file start39.cif (mmCIF, C-alpha atoms)
data_structure
loop_
_atom_site.label_atom_id
_atom_site.label_comp_id
_atom_site.auth_asym_id
_atom_site.auth_seq_id
_atom_site.Cartn_x
_atom_site.Cartn_y
_atom_site.Cartn_z
CA MET A 1 67.62 -142.26 100.50
CA ASP A 2 70.00 -141.90 103.44
CA PHE A 3 72.96 -141.20 101.21
CA PHE A 4 71.58 -137.99 99.74
CA GLN A 5 70.90 -136.66 103.21
CA SER A 6 74.48 -137.41 104.18
CA ILE A 7 75.99 -135.27 101.38
CA ASP A 8 77.89 -132.29 102.75
CA TRP A 9 76.75 -129.49 100.43
CA MET A 10 79.35 -127.00 101.62
CA GLN A 11 82.03 -129.58 100.86
CA LEU A 12 80.53 -130.03 97.39
CA LEU A 13 80.55 -126.27 96.81
CA ARG A 14 84.21 -125.97 97.88
CA CYS A 15 85.01 -128.88 95.57
CA PHE A 16 83.19 -127.21 92.66
CA VAL A 17 84.89 -123.83 93.15
CA VAL A 18 88.43 -125.14 93.67
CA GLY A 19 88.15 -127.64 90.82
CA GLY A 20 86.84 -124.89 88.58
CA LEU A 21 89.62 -122.49 89.57
CA ILE A 22 92.29 -125.07 88.75
CA CYS A 23 90.68 -125.51 85.33
CA ILE A 24 90.72 -121.72 84.83
CA ILE A 25 94.50 -121.78 85.38
CA GLY A 26 94.70 -124.39 82.62
CA GLN A 27 92.44 -122.34 80.35
CA ILE A 28 94.60 -119.24 80.82
CA LEU A 29 97.68 -121.31 79.96
CA ILE A 30 95.95 -122.54 76.77
CA ASP A 31 94.76 -119.10 75.68
CA LYS A 32 97.79 -117.04 76.62
CA THR A 33 100.78 -119.27 75.92
CA LYS A 34 99.89 -121.44 72.90
CA LEU A 35 101.24 -124.50 74.74
CA THR A 36 100.07 -127.82 73.33
CA SER A 37 97.70 -129.80 75.50
CA ALA A 38 100.37 -132.47 76.08
CA ARG A 39 102.67 -129.83 77.58
CA ILE A 40 99.90 -128.51 79.76
CA LEU A 41 99.17 -132.00 81.08
CA VAL A 42 102.89 -132.51 81.79
CA ILE A 43 103.13 -129.12 83.54
CA PHE A 44 100.11 -129.93 85.72
CA VAL A 45 101.31 -133.38 86.75
CA THR A 46 104.87 -132.23 87.46
CA THR A 47 103.63 -129.21 89.43
CA GLY A 48 101.37 -131.59 91.34
CA VAL A 49 104.34 -133.80 92.21
CA ILE A 50 106.32 -130.80 93.48
CA LEU A 51 103.42 -129.31 95.47
CA GLY A 52 102.60 -132.77 96.83
CA ALA A 53 106.21 -133.39 97.84
CA LEU A 54 106.39 -130.07 99.67
CA GLY A 55 103.17 -130.94 101.50
CA ILE A 56 101.38 -127.83 100.25
CA TYR A 57 98.85 -129.68 98.17
CA GLN A 58 97.60 -131.66 101.15
CA TYR A 59 96.04 -128.45 102.50
CA VAL A 60 94.17 -127.97 99.22
CA ILE A 61 92.96 -131.60 99.36
CA ASP A 62 91.81 -131.17 102.97
CA PHE A 63 89.91 -128.06 101.95
CA ALA A 64 88.37 -129.10 98.65
CA GLY A 65 88.36 -132.92 98.55
CA CYS A 66 87.81 -134.12 95.01
CA GLY A 67 88.09 -130.54 93.74
CA ALA A 68 91.80 -131.04 94.40
CA THR A 69 92.27 -134.77 93.73
CA VAL A 70 90.39 -135.05 90.42
CA PRO A 71 92.45 -132.47 88.47
CA LEU A 72 95.83 -133.70 87.25
CA LEU A 73 97.55 -131.72 90.01
CA GLY A 74 96.02 -134.29 92.35
CA PHE A 75 97.31 -137.14 90.19
CA GLY A 76 100.81 -135.68 90.57
CA ALA A 77 100.38 -135.06 94.28
CA ASN A 78 99.22 -138.65 94.68
CA LEU A 79 102.36 -139.89 92.89
CA ALA A 80 104.54 -137.86 95.27
CA LYS A 81 102.61 -138.89 98.36
CA GLY A 82 102.86 -142.57 97.40
CA ALA A 83 106.60 -142.29 96.74
CA ILE A 84 107.26 -140.58 100.09
CA THR A 85 105.12 -142.95 102.15
CA GLU A 86 106.61 -146.04 100.54
CA ALA A 87 110.16 -144.63 100.78
CA GLN A 88 109.70 -144.13 104.51
CA ASN A 89 108.43 -147.68 104.91
CA SER A 90 110.89 -149.61 102.75
CA GLY A 91 113.71 -147.21 101.84
CA LEU A 92 115.15 -146.79 98.37
CA LEU A 93 113.09 -149.62 96.91
CA GLY A 94 109.97 -147.79 98.03
CA ALA A 95 111.06 -144.66 96.16
CA PHE A 96 110.66 -146.62 92.94
CA ILE A 97 107.54 -148.56 93.90
CA GLY A 98 105.50 -145.95 95.76
CA GLY A 99 104.53 -143.45 93.09
CA VAL A 100 103.24 -145.88 90.51
CA LYS A 101 101.63 -148.07 93.16
CA ALA A 102 99.57 -145.15 94.43
CA SER A 103 98.32 -144.24 90.97
CA ALA A 104 98.22 -147.76 89.49
CA GLY A 105 94.42 -147.85 89.54
CA GLY A 106 94.08 -144.77 87.37
CA ILE A 107 96.81 -145.75 84.92
CA ALA A 108 95.54 -149.32 84.51
CA ALA A 109 91.96 -148.08 84.09
CA ALA A 110 93.00 -145.61 81.41
CA VAL A 111 94.97 -148.24 79.48
CA PHE A 112 92.28 -150.91 79.83
CA PHE A 113 89.34 -148.66 78.94
CA GLY A 114 91.39 -147.18 76.10
CA TYR A 115 91.95 -150.62 74.64
CA LEU A 116 88.31 -151.56 75.21
CA ALA A 117 87.08 -148.37 73.52
CA SER A 118 89.36 -149.01 70.53
CA LEU A 119 87.78 -152.46 70.13
CA ILE A 120 84.26 -151.08 70.09
CA ALA A 121 84.47 -147.59 68.59
CA LYS A 122 85.08 -146.94 64.93
CA PRO A 123 87.70 -144.34 64.04
CA LYS A 124 85.91 -141.32 62.68
CA ILE A 125 86.83 -139.73 59.40
CA LYS A 126 87.73 -136.14 60.08
CA LYS A 127 85.16 -133.77 58.63
CA GLN A 128 86.26 -130.21 58.12
CA MET B 129 101.73 -104.16 52.61
CA LYS B 130 104.93 -103.69 54.55
CA SER B 131 107.42 -106.50 54.49
CA ILE B 132 108.05 -108.73 57.48
CA ASP B 133 111.71 -108.97 58.38
CA THR B 134 112.06 -110.22 61.93
CA LYS B 135 110.47 -113.02 63.83
CA LYS B 136 108.95 -110.55 66.26
CA GLU B 137 107.26 -108.60 63.51
CA TYR B 138 105.88 -111.85 62.19
CA LEU B 139 104.48 -112.80 65.61
CA ASP B 140 102.90 -109.36 65.95
CA TYR B 141 101.40 -109.79 62.52
CA VAL B 142 99.96 -113.18 63.46
CA ASP B 143 98.56 -111.79 66.70
CA GLN B 144 96.93 -108.98 64.81
CA LYS B 145 95.36 -111.26 62.22
CA SER B 146 94.28 -114.21 64.36
CA PRO B 147 90.89 -113.83 65.99
CA ASN B 148 90.99 -112.90 69.66
CA SER B 149 89.91 -115.91 71.61
CA PRO B 150 87.21 -114.80 74.03
CA ILE B 151 89.25 -115.64 77.11
CA LEU B 152 86.61 -114.67 79.67
CA LYS B 153 84.00 -116.89 78.08
CA ASN B 154 86.50 -119.75 77.77
CA CYS B 155 87.47 -119.38 81.42
CA PHE B 156 83.83 -119.35 82.49
CA ASN B 157 83.09 -122.55 80.54
CA ALA B 158 86.26 -124.18 81.84
CA PHE B 159 85.27 -123.18 85.37
CA TRP B 160 81.83 -124.69 85.47
CA VAL B 161 82.55 -127.81 83.44
CA GLY B 162 85.73 -128.49 85.45
CA GLY B 163 83.89 -127.80 88.68
CA LEU B 164 81.06 -130.08 87.62
CA ILE B 165 83.44 -132.97 86.81
CA CYS B 166 85.10 -132.54 90.23
CA SER B 167 81.68 -132.45 91.89
CA ILE B 168 80.65 -135.70 90.20
CA GLY B 169 83.90 -137.11 91.60
CA GLN B 170 83.03 -135.75 95.04
CA ILE B 171 79.61 -137.42 94.99
CA ILE B 172 81.16 -140.77 93.99
CA PHE B 173 83.76 -140.24 96.74
CA ASP B 174 81.06 -139.48 99.32
CA PHE B 175 79.17 -142.58 98.23
CA CYS B 176 82.30 -144.75 98.69
CA GLN B 177 82.81 -143.24 102.14
CA TYR B 178 79.15 -143.85 102.91
CA LYS B 179 79.70 -147.50 101.98
CA GLY B 180 82.58 -147.59 104.47
CA LEU B 181 85.63 -147.57 102.19
CA ASP B 182 88.82 -145.80 103.28
CA THR B 183 90.05 -142.54 101.71
CA THR B 184 92.73 -144.06 99.46
CA SER B 185 90.41 -146.68 97.96
CA SER B 186 87.67 -144.10 97.51
CA SER B 187 90.00 -141.75 95.58
CA THR B 188 91.14 -144.61 93.36
CA ILE B 189 87.54 -145.63 92.66
CA VAL B 190 86.70 -142.01 91.77
CA SER B 191 89.62 -141.95 89.29
CA ILE B 192 88.64 -145.28 87.75
CA ILE B 193 84.96 -144.34 87.32
CA LEU B 194 85.73 -140.88 85.87
CA ILE B 195 88.30 -142.42 83.50
CA GLY B 196 85.75 -145.06 82.48
CA ILE B 197 83.09 -142.42 81.77
CA ALA B 198 85.60 -140.31 79.81
CA ALA B 199 86.68 -143.35 77.77
CA PHE B 200 83.07 -144.24 77.02
CA LEU B 201 82.22 -140.68 75.96
CA THR B 202 85.39 -140.49 73.84
CA GLY B 203 84.34 -143.68 72.07
CA LEU B 204 80.96 -142.13 71.27
CA ASN B 205 82.72 -138.97 70.03
CA ILE B 206 80.88 -136.91 72.65
CA PHE B 207 83.95 -136.06 74.71
CA ASN B 208 85.58 -134.16 71.85
CA LYS B 209 82.52 -131.93 71.65
CA ILE B 210 82.65 -131.28 75.40
CA GLY B 211 86.37 -130.57 75.01
CA LYS B 212 85.78 -128.02 72.28
CA PHE B 213 83.23 -126.25 74.44
CA ALA B 214 84.98 -126.47 77.80
CA GLY B 215 88.67 -126.32 76.85
CA ALA B 216 90.69 -126.86 79.99
CA GLY B 217 87.51 -127.71 81.90
CA SER B 218 87.63 -131.25 80.57
CA LEU B 219 91.40 -131.37 79.91
CA VAL B 220 92.73 -130.61 83.37
CA PRO B 221 90.66 -133.13 85.38
CA ILE B 222 91.66 -136.78 85.12
CA THR B 223 89.14 -137.10 82.27
CA GLY B 224 91.64 -135.23 80.06
CA PHE B 225 94.30 -137.82 80.83
CA ALA B 226 91.83 -140.59 79.94
CA ASN B 227 90.86 -138.84 76.73
CA SER B 228 94.53 -138.43 75.78
CA ILE B 229 94.91 -142.22 75.96
CA VAL B 230 91.59 -143.31 74.46
CA SER B 231 91.44 -140.86 71.58
CA PRO B 232 94.66 -141.94 69.78
CA ALA B 233 93.89 -145.59 70.59
CA ILE B 234 90.70 -145.32 68.55
CA GLU B 235 92.18 -143.10 65.88
CA TYR B 236 95.15 -145.35 65.08
CA LYS B 237 93.14 -148.57 65.13
CA SER B 238 93.65 -148.89 61.37
CA GLU B 239 97.40 -149.32 61.91
CA GLY B 240 96.76 -152.56 63.75
CA TYR B 241 96.27 -153.51 67.35
CA VAL B 242 99.90 -153.82 68.42
CA MET B 243 101.64 -150.81 66.93
CA GLY B 244 98.50 -148.79 66.19
CA VAL B 245 96.36 -149.07 69.31
CA GLY B 246 99.08 -150.28 71.67
CA GLY B 247 101.82 -147.98 70.47
CA LYS B 248 100.00 -144.75 69.63
CA MET B 249 97.96 -144.91 72.85
CA PHE B 250 100.78 -143.16 74.68
CA THR B 251 101.54 -140.31 72.28
CA VAL B 252 100.20 -137.74 74.76
CA ALA B 253 99.92 -139.74 77.96
CA GLY B 254 103.47 -141.09 77.58
CA PRO B 255 105.14 -137.75 78.37
CA VAL B 256 102.76 -137.26 81.29
CA LEU B 257 103.74 -140.62 82.76
CA VAL B 258 107.45 -140.14 82.01
CA PHE B 259 107.65 -136.80 83.81
CA GLY B 260 105.17 -137.64 86.52
CA ILE B 261 106.77 -140.96 87.45
CA SER B 262 110.34 -139.66 87.11
CA ALA B 263 109.52 -136.74 89.38
CA SER B 264 107.92 -139.09 91.91
CA VAL B 265 111.02 -141.33 91.93
CA ILE B 266 113.24 -138.30 92.54
CA VAL B 267 110.93 -137.20 95.36
CA GLY B 268 111.04 -140.73 96.77
CA ILE B 269 114.86 -140.84 96.67
CA ILE B 270 115.07 -137.47 98.40
CA ALA B 271 112.59 -138.65 101.01
CA THR B 272 114.66 -141.80 101.61
CA PHE B 273 117.84 -139.93 102.40
CA PHE B 274 116.79 -136.61 103.83
CA VAL B 275 113.47 -137.02 105.62
#

call {"tool": "encode", "arguments": {"input": "start39.cif", "output": "C-alpha cells"}}
result
Amino acid sequence: MDFFQSIDWMQLLRCFVVGGLICIIGQILIDKTKLTSARILVIFVTTGVILGALGIYQYVIDFAGCGATVPLLGFGANLAKGAITEAQNSGLLGAFIGGVKASAGGIAAAVFFGYLASLIAKPKIKKQ
Amino acid sequence: MKSIDTKKEYLDYVDQKSPNSPILKNCFNAFWVGGLICSIGQIIFDFCQYKGLDTTSSSTIVSIILIGIAAFLTGLNIFNKIGKFAGAGSLVPITGFANSIVSPAIEYKSEGYVMGVGGKMFTVAGPVLVFGISASVIVGIIATFFV
C-alpha cells in the first residue's frame, strides 16, 4: 500500500522518543512527589499552556509531531495557540472563544465516549 | 520502638517502611508505552495527511480516535491494567485525560445518569479543564492587549 511507503520512519522515531521522554517526566513526578494523578494532569496542561503561549512548545511540535501533541502538554499548548490566534483575529472575544474552540474536538469526544461507555459497560466491583 | 514526635520523623518512618518503588523500571515502562501511544497517534496523523487533510484537522482526528480507543479499553477494564503497568505512560498522553472522564462515568453509574454519570464524570477532568481553559483565557487576554 502506498501509505506505508509514505511513512517517515525518522519522524516516527523522534515522535516515539519525545513522547516517551515526556511520559518519563510524569513518571518521575508520580514516584518522587506523591502527587495525585489529577494534580499531575493539571500541572501538565497548565505547563503546556504556558510553554505554548511563550512559543517554545511549537519547536517541540515541529521536531516530534505527535510525540509532542498527543501528551497533555500538547493539549495545553493547543489551548494557548487557539486563544492567541483567535484573539489576534477578533480581539477580546477571541480570547474567550479560541482556547476551547481549538480543543473542542477532544473535549466533546471525551464527554461523548465517556457517556457511551457508561451506557454499555457495567461498573466493576472492586476486588482486593 | 522509639516514639514518633514530629511530622518529619513520621515521614522518615513512612519512607523507611514503604517499599521502594522501582523507579527505573517504572520510567522504562512509561517511556515505551507512552512512546508507543504517541507513535500510534503519529501513524493516524500521517494517514490523515496522506488523505489530504490539513494539520489542525489531522491533530483533532488523532485526539478523537485516541480518546475513543481509551474510552473503549476503559469500558472493557483493560485500560486500568495498562495504567497499572505503564504508570505515566498511559496517564500523560491524551488517553489519560479520556480515562479520567470515562472511568468515573462508569463507576458512578449506579448513582443515576444525571448526577452519577453526568456529575461524577468531571471529578478529575474538571480541574484539568478549569485550569487549562482559565490559563488559555488569560493568555488570550494578554495576546489581545500586548501582542

call {"tool": "closest_atom_pairs", "arguments": {"input": "start39.cif", "of": "chain B", "to": "chain A", "cutoff": "7 Å", "atoms": "only C-alpha atoms", "output": "CSV"}}
result
residue,atom,partner,partner_atom,distance
B:Ile151,CA,A:Asp31,CA,6.7
B:Asn154,CA,A:Gln27,CA,7.0
B:Cys155,CA,A:Ile24,CA,5.3
B:Ala158,CA,A:Cys23,CA,5.8
B:Phe159,CA,A:Gly20,CA,4.0
B:Trp160,CA,A:Gly20,CA,5.9
B:Gly162,CA,A:Gly20,CA,4.9
B:Gly163,CA,A:Phe16,CA,4.1
B:Leu164,CA,A:Phe16,CA,6.2
B:Cys166,CA,A:Gly67,CA,5.0
B:Ser167,CA,A:Phe16,CA,5.5
B:Gly169,CA,A:Cys66,CA,6.0
B:Gln170,CA,A:Cys66,CA,5.1
B:Asp174,CA,A:Ile7,CA,6.9
B:Tyr178,CA,A:Phe3,CA,6.9
B:Thr188,CA,A:Gly105,CA,6.0
B:Ser191,CA,A:Gly106,CA,5.6
B:Ile192,CA,A:Gly106,CA,5.5
B:Ile195,CA,A:Ala110,CA,6.1
B:Gly196,CA,A:Phe113,CA,6.2
B:Ala199,CA,A:Phe113,CA,6.1
B:Phe200,CA,A:Ala117,CA,6.7
B:Gly203,CA,A:Ala121,CA,5.2
B:Gly215,CA,A:Gln27,CA,6.5
B:Ala216,CA,A:Gln27,CA,4.9
B:Gly217,CA,A:Cys23,CA,5.2
B:Val220,CA,A:Pro71,CA,5.4
B:Pro221,CA,A:Pro71,CA,3.6
B:Ile222,CA,A:Pro71,CA,5.5
B:Ala226,CA,A:Ala110,CA,5.4
B:Ile229,CA,A:Gly114,CA,6.1
B:Val230,CA,A:Gly114,CA,4.2
B:Ala233,CA,A:Ser118,CA,5.7
B:Ile234,CA,A:Ser118,CA,4.4
B:Glu235,CA,A:Pro123,CA,5.0
B:Lys237,CA,A:Ser118,CA,6.6
B:Val252,CA,A:Ala38,CA,5.4
B:Pro255,CA,A:Val42,CA,6.6
B:Val256,CA,A:Val42,CA,4.8
B:Phe259,CA,A:Thr46,CA,6.5
B:Gly260,CA,A:Thr46,CA,5.5
B:Ile261,CA,A:Gly99,CA,6.6
B:Ala263,CA,A:Val49,CA,6.6
B:Ser264,CA,A:Ala80,CA,4.9
B:Val265,CA,A:Ala95,CA,5.4
B:Val267,CA,A:Ala80,CA,6.4
B:Gly268,CA,A:Ala95,CA,4.0
B:Ile269,CA,A:Ala95,CA,5.4
B:Ala271,CA,A:Ile84,CA,5.7
B:Thr272,CA,A:Ala87,CA,5.4

call {"tool": "atom_distance", "arguments": {"input": "start39.cif", "atom1": "CA of Pro232 (chain B)", "atom2": "CA of Met249 (chain B)"}}
result
5.4 Å

call {"tool": "atom_distance", "arguments": {"input": "start39.cif", "atom1": "CA of Gln144 (chain B)", "atom2": "CA of Thr33 (chain A)"}}
result
15.6 Å

call {"tool": "atom_distance", "arguments": {"input": "start39.cif", "atom1": "CA of Gly180 (chain B)", "atom2": "CA of Gln5 (chain A)"}}
result
16.0 Å

call {"tool": "closest_residue", "arguments": {"input": "start39.cif", "among": "B:Ser231, B:Phe175, B:Tyr141, B:Ser238", "to": "Thr251 (chain B)", "atoms": "only C-alpha atoms"}}
result
B:Ser231

call {"tool": "build_atoms", "arguments": {"input": "start39.cif", "residues": "region 155-180 of chain B", "atoms": "N, CA and C atoms", "output": "mmCIF file, keeping the file's coordinate frame"}}
result
data_model
loop_
_atom_site.group_PDB
_atom_site.id
_atom_site.type_symbol
_atom_site.label_atom_id
_atom_site.label_comp_id
_atom_site.auth_asym_id
_atom_site.auth_seq_id
_atom_site.Cartn_x
_atom_site.Cartn_y
_atom_site.Cartn_z
ATOM 1 N N CYS B 155 87.177 -119.125 80.010
ATOM 2 C CA CYS B 155 87.470 -119.380 81.420
ATOM 3 C C CYS B 155 86.200 -119.753 82.168
ATOM 4 N N PHE B 156 85.102 -119.049 81.823
ATOM 5 C CA PHE B 156 83.830 -119.350 82.490
ATOM 6 C C PHE B 156 83.398 -120.785 82.191
ATOM 7 N N ASN B 157 83.468 -121.179 80.898
ATOM 8 C CA ASN B 157 83.090 -122.550 80.540
ATOM 9 C C ASN B 157 83.998 -123.568 81.208
ATOM 10 N N ALA B 158 85.311 -123.273 81.198
ATOM 11 C CA ALA B 158 86.260 -124.180 81.840
ATOM 12 C C ALA B 158 85.935 -124.320 83.321
ATOM 13 N N PHE B 159 85.559 -123.190 83.933
ATOM 14 C CA PHE B 159 85.270 -123.180 85.370
ATOM 15 C C PHE B 159 84.114 -124.096 85.714
ATOM 16 N N TRP B 160 82.991 -123.918 85.019
ATOM 17 C CA TRP B 160 81.830 -124.690 85.470
ATOM 18 C C TRP B 160 81.873 -126.148 85.024
ATOM 19 N N VAL B 161 82.455 -126.406 83.840
ATOM 20 C CA VAL B 161 82.550 -127.810 83.440
ATOM 21 C C VAL B 161 83.562 -128.545 84.330
ATOM 22 N N GLY B 162 84.725 -127.889 84.565
ATOM 23 C CA GLY B 162 85.730 -128.490 85.450
ATOM 24 C C GLY B 162 85.173 -128.704 86.846
ATOM 25 N N GLY B 163 84.485 -127.681 87.350
ATOM 26 C CA GLY B 163 83.890 -127.800 88.680
ATOM 27 C C GLY B 163 82.878 -128.918 88.740
ATOM 28 N N LEU B 164 82.090 -129.047 87.673
ATOM 29 C CA LEU B 164 81.060 -130.080 87.620
ATOM 30 C C LEU B 164 81.688 -131.479 87.638
ATOM 31 N N ILE B 165 82.775 -131.658 86.847
ATOM 32 C CA ILE B 165 83.440 -132.970 86.810
ATOM 33 C C ILE B 165 83.973 -133.312 88.207
ATOM 34 N N CYS B 166 84.584 -132.309 88.867
ATOM 35 C CA CYS B 166 85.100 -132.540 90.230
ATOM 36 C C CYS B 166 83.954 -132.863 91.183
ATOM 37 N N SER B 167 82.815 -132.202 90.997
ATOM 38 C CA SER B 167 81.680 -132.450 91.890
ATOM 39 C C SER B 167 81.118 -133.848 91.706
ATOM 40 N N ILE B 168 81.081 -134.319 90.444
ATOM 41 C CA ILE B 168 80.650 -135.700 90.200
ATOM 42 C C ILE B 168 81.599 -136.634 90.958
ATOM 43 N N GLY B 169 82.913 -136.329 90.854
ATOM 44 C CA GLY B 169 83.900 -137.110 91.600
ATOM 45 C C GLY B 169 83.624 -137.091 93.098
ATOM 46 N N GLN B 170 83.277 -135.888 93.601
ATOM 47 C CA GLN B 170 83.030 -135.750 95.040
ATOM 48 C C GLN B 170 81.836 -136.599 95.474
ATOM 49 N N ILE B 171 80.799 -136.637 94.643
ATOM 50 C CA ILE B 171 79.610 -137.420 94.990
ATOM 51 C C ILE B 171 79.951 -138.917 95.011
ATOM 52 N N ILE B 172 80.739 -139.363 93.998
ATOM 53 C CA ILE B 172 81.160 -140.770 93.990
ATOM 54 C C ILE B 172 82.001 -141.057 95.235
ATOM 55 N N PHE B 173 82.898 -140.094 95.561
ATOM 56 C CA PHE B 173 83.760 -140.240 96.740
ATOM 57 C C PHE B 173 82.923 -140.361 98.013
ATOM 58 N N ASP B 174 81.939 -139.447 98.149
ATOM 59 C CA ASP B 174 81.060 -139.480 99.320
ATOM 60 C C ASP B 174 80.326 -140.813 99.411
ATOM 61 N N PHE B 175 79.907 -141.318 98.241
ATOM 62 C CA PHE B 175 79.170 -142.580 98.230
ATOM 63 C C PHE B 175 80.072 -143.725 98.703
ATOM 64 N N CYS B 176 81.354 -143.716 98.241
ATOM 65 C CA CYS B 176 82.300 -144.750 98.690
ATOM 66 C C CYS B 176 82.515 -144.670 100.201
ATOM 67 N N GLN B 177 82.631 -143.428 100.700
ATOM 68 C CA GLN B 177 82.810 -143.240 102.140
ATOM 69 C C GLN B 177 81.577 -143.728 102.898
ATOM 70 N N TYR B 178 80.416 -143.437 102.325
ATOM 71 C CA TYR B 178 79.150 -143.850 102.910
ATOM 72 C C TYR B 178 79.075 -145.370 103.003
ATOM 73 N N LYS B 179 79.671 -146.038 101.979
ATOM 74 C CA LYS B 179 79.700 -147.500 101.980
ATOM 75 C C LYS B 179 80.814 -148.052 102.865
ATOM 76 N N GLY B 180 81.595 -147.152 103.498
ATOM 77 C CA GLY B 180 82.580 -147.590 104.470
ATOM 78 C C GLY B 180 83.961 -147.885 103.934
#
